[in-house]
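The structure under discussion appears below in the form of structure tokens.
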Amino acid sequence: MTTIAQQTLANIALSNHGYIPVLEKYSLDFCCRGKKTLEQACTEKNIPLTHVIEELNHAVADSRPLLPFNEMTADQLISYVQIHHHFYIRNSFATIHGHIQKVAAKHGERYPHMRTVLELFTAVVEELLPHMEKEEKILFPRIQEIASGENKAAIVAMGPGYLSTPIQMMEAEHDTSGQLMFRIRELTNDYTPPADACTTHRICLEELRSFETDLHQHVHVENNVLFPLALQKVMALHN
């Protein structure tokens, strides 16, 4: 029997929604680096494994039901990502960016790290907006085409790279965005406002925290559920 320490971060996150806040707390990356076991990830970060396991065990009682991502079809997963995550990013980034700009402009001398946060978040947005376009116009239609079972001969003729190549590109871009947000988290001391921070400063840090949490969930569904499902279907066509 596999213990939780030997399970991958992705499987832990998928098994129980209540575990995700614990993984987030210790910056255990269950999306881009979800293939690592809990033990491996804790060892790399020099985090006491027993402490994490204890918190995971306590989290179970307070957990809420997890959406059955592993039971969803490719079409359902794509719809979920677009409605819950792509929509959120497109509708929130301008507001968050504006708040960071205001803090950097008015309080940049006192908090110079917020100028760096502005640069980093700008880079995140510049990465994610075209990224989502590529997913919606190239990758998602290919996944849906494969899932539909149509054009089998043409898909087989194009080879596994027809799907694996854009997936690899999207995963690399996920990692880039995740690293940028992790740097923002470090600079802001885990989104903790200074004691004398103004209201806008406090609001934008909470917005950034929510943005990173949403990004982790977004990448988790794609990297650990949708993409493996799609690759499994395309490999079945070639066997």
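We label chains A, B, ... in the order they appear in the structure tokens, count residues from 1 in each chain, and number ligands from 1 in the order shown.
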- Contacts of Ile12 of chain A at 12 Å or less, counting only C-alpha atoms, minus same-chain residues fewer than 4 places along, as a PyMOL selection string? chain A and resi 2-8+16-23+28-31+34-39+53+56-57+60+66+220+224
- If you run DSSP over the backbone, which residues in segment 33-199 of chain A end up alpha helix (DSSP H)? Put them as number ranges by chain. A: 38-45, 49-59, 74-80, 87-107, 113-134, 140-148, 152-158, 161-187, 199
Could the residues in this selection be written to a file with C-alpha atoms, as an mmCIF file, in the first residue's frame?
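And here's part16.cif as it stands now:
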data_model
loop_
_atom_site.group_PDB
_atom_site.id
_atom_site.type_symbol
_atom_site.label_atom_id
_atom_site.label_comp_id
_atom_site.auth_asym_id
_atom_site.auth_seq_id
_atom_site.Cartn_x
_atom_site.Cartn_y
_atom_site.Cartn_z
ATOM 1 C CA LEU A 38 5.505 14.370 -1.178
ATOM 2 C CA GLU A 39 8.655 12.943 0.385
ATOM 3 C CA GLN A 40 10.852 14.143 -2.498
ATOM 4 C CA ALA A 41 9.331 17.625 -2.475
ATOM 5 C CA CYS A 42 9.710 18.021 1.296
ATOM 6 C CA THR A 43 13.311 16.811 1.176
ATOM 7 C CA GLU A 44 14.173 19.304 -1.591
ATOM 8 C CA LYS A 45 12.644 22.194 0.352
ATOM 9 C CA LEU A 49 7.707 15.565 6.200
ATOM 10 C CA THR A 50 5.999 14.555 9.455
ATOM 11 C CA HIS A 51 4.672 18.098 9.970
ATOM 12 C CA VAL A 52 3.146 18.203 6.499
ATOM 13 C CA ILE A 53 1.570 14.761 6.845
ATOM 14 C CA GLU A 54 0.103 15.732 10.217
ATOM 15 C CA GLU A 55 -1.497 18.844 8.701
ATOM 16 C CA LEU A 56 -2.785 16.847 5.734
ATOM 17 C CA ASN A 57 -4.427 14.390 8.105
ATOM 18 C CA HIS A 58 -6.110 17.214 10.012
ATOM 19 C CA ALA A 59 -7.223 18.862 6.765
ATOM 20 C CA ALA A 74 -12.029 16.301 -22.311
ATOM 21 C CA ASP A 75 -14.833 18.639 -23.423
ATOM 22 C CA GLN A 76 -16.004 19.105 -19.834
ATOM 23 C CA LEU A 77 -12.476 19.825 -18.604
ATOM 24 C CA ILE A 78 -11.873 22.340 -21.384
ATOM 25 C CA SER A 79 -15.150 24.097 -20.619
ATOM 26 C CA TYR A 80 -14.252 24.196 -16.925
ATOM 27 C CA PHE A 87 -12.418 34.075 -17.757
ATOM 28 C CA TYR A 88 -11.053 34.944 -14.304
ATOM 29 C CA ILE A 89 -7.624 35.912 -15.638
ATOM 30 C CA ARG A 90 -9.018 38.086 -18.419
ATOM 31 C CA ASN A 91 -11.382 39.861 -16.038
ATOM 32 C CA SER A 92 -9.055 40.375 -13.091
ATOM 33 C CA PHE A 93 -5.604 41.190 -14.425
ATOM 34 C CA ALA A 94 -6.319 44.816 -15.380
ATOM 35 C CA THR A 95 -7.705 45.637 -11.929
ATOM 36 C CA ILE A 96 -4.833 43.923 -10.113
ATOM 37 C CA HIS A 97 -2.258 45.541 -12.403
ATOM 38 C CA GLY A 98 -3.802 48.960 -11.791
ATOM 39 C CA HIS A 99 -3.656 48.535 -8.028
ATOM 40 C CA ILE A 100 0.010 47.473 -8.130
ATOM 41 C CA GLN A 101 0.819 50.444 -10.377
ATOM 42 C CA LYS A 102 -0.828 52.796 -7.894
ATOM 43 C CA VAL A 103 1.119 51.384 -4.943
ATOM 44 C CA ALA A 104 4.413 51.396 -6.865
ATOM 45 C CA ALA A 105 3.872 55.003 -7.988
ATOM 46 C CA LYS A 106 2.781 56.408 -4.616
ATOM 47 C CA HIS A 107 4.807 54.267 -2.225
ATOM 48 C CA HIS A 113 10.029 45.767 -3.941
ATOM 49 C CA MET A 114 6.565 46.734 -5.171
ATOM 50 C CA ARG A 115 8.161 48.183 -8.300
ATOM 51 C CA THR A 116 9.682 44.779 -8.935
ATOM 52 C CA VAL A 117 6.312 43.163 -8.227
ATOM 53 C CA LEU A 118 4.815 45.405 -10.907
ATOM 54 C CA GLU A 119 7.448 44.264 -13.410
ATOM 55 C CA LEU A 120 6.920 40.625 -12.516
ATOM 56 C CA PHE A 121 3.133 40.760 -12.697
ATOM 57 C CA THR A 122 3.354 42.565 -16.042
ATOM 58 C CA ALA A 123 5.506 39.663 -17.255
ATOM 59 C CA VAL A 124 2.930 37.164 -15.955
ATOM 60 C CA VAL A 125 0.148 38.890 -17.879
ATOM 61 C CA GLU A 126 2.259 39.118 -21.032
ATOM 62 C CA GLU A 127 2.895 35.381 -20.715
ATOM 63 C CA LEU A 128 -0.651 34.269 -19.901
ATOM 64 C CA LEU A 129 -2.737 36.234 -22.392
ATOM 65 C CA PRO A 130 -1.115 34.787 -25.556
ATOM 66 C CA HIS A 131 -0.800 31.453 -23.746
ATOM 67 C CA MET A 132 -4.568 31.231 -23.329
ATOM 68 C CA GLU A 133 -5.081 32.221 -26.964
ATOM 69 C CA LYS A 134 -2.840 29.360 -28.089
ATOM 70 C CA PHE A 140 -7.987 22.666 -27.140
ATOM 71 C CA PRO A 141 -9.421 22.155 -30.649
ATOM 72 C CA ARG A 142 -6.854 19.401 -31.251
ATOM 73 C CA ILE A 143 -7.778 17.706 -27.982
ATOM 74 C CA GLN A 144 -11.468 17.915 -28.868
ATOM 75 C CA GLU A 145 -10.785 16.567 -32.330
ATOM 76 C CA ILE A 146 -8.964 13.558 -30.903
ATOM 77 C CA ALA A 147 -11.591 12.994 -28.210
ATOM 78 C CA SER A 148 -14.382 13.042 -30.811
ATOM 79 C CA LYS A 152 -8.434 9.215 -37.034
ATOM 80 C CA ALA A 153 -6.380 8.522 -40.150
ATOM 81 C CA ALA A 154 -5.287 12.153 -40.473
ATOM 82 C CA ILE A 155 -4.375 12.386 -36.779
ATOM 83 C CA VAL A 156 -2.341 9.167 -36.935
ATOM 84 C CA ALA A 157 -0.554 10.421 -40.054
ATOM 85 C CA MET A 158 0.545 13.587 -38.223
ATOM 86 C CA GLY A 161 3.755 15.325 -31.942
ATOM 87 C CA TYR A 162 0.475 16.755 -33.225
ATOM 88 C CA LEU A 163 -0.602 16.859 -29.579
ATOM 89 C CA SER A 164 2.532 16.322 -27.505
ATOM 90 C CA THR A 165 4.417 19.286 -29.000
ATOM 91 C CA PRO A 166 1.858 21.987 -28.075
ATOM 92 C CA ILE A 167 1.320 20.331 -24.687
ATOM 93 C CA GLN A 168 5.039 20.510 -23.935
ATOM 94 C CA MET A 169 5.007 24.176 -24.933
ATOM 95 C CA MET A 170 2.010 24.926 -22.705
ATOM 96 C CA GLU A 171 3.588 23.099 -19.756
ATOM 97 C CA ALA A 172 6.793 25.125 -20.177
ATOM 98 C CA GLU A 173 4.770 28.342 -20.188
ATOM 99 C CA HIS A 174 2.865 27.191 -17.098
ATOM 100 C CA ASP A 175 6.201 26.747 -15.350
ATOM 101 C CA THR A 176 7.346 30.240 -16.367
ATOM 102 C CA SER A 177 4.187 31.875 -15.036
ATOM 103 C CA GLY A 178 4.355 29.830 -11.854
ATOM 104 C CA GLN A 179 7.943 30.867 -11.197
ATOM 105 C CA LEU A 180 7.110 34.541 -11.723
ATOM 106 C CA MET A 181 4.242 34.334 -9.236
ATOM 107 C CA PHE A 182 6.425 32.460 -6.751
ATOM 108 C CA ARG A 183 8.948 35.322 -6.946
ATOM 109 C CA ILE A 184 6.149 37.792 -6.216
ATOM 110 C CA ARG A 185 5.136 35.701 -3.213
ATOM 111 C CA GLU A 186 8.745 35.804 -1.929
ATOM 112 C CA LEU A 187 9.091 39.565 -2.422
ATOM 113 C CA THR A 199 -5.829 50.092 1.758
#
- Take atom CA of Val225 of chain A and atom CA of Leu208 of chain A and report the distance between them in Å, one decimal.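 Distance reported for this atom pair: 25.1 Å.
A straight line drawn from atom CA of Leu14 of chain A to atom CA of His216 of chain A is 12.5 Å long.
Between atom CA of Pro48 of chain A and atom CA of Val219 of chain A there is a distance of 26.0 Å.
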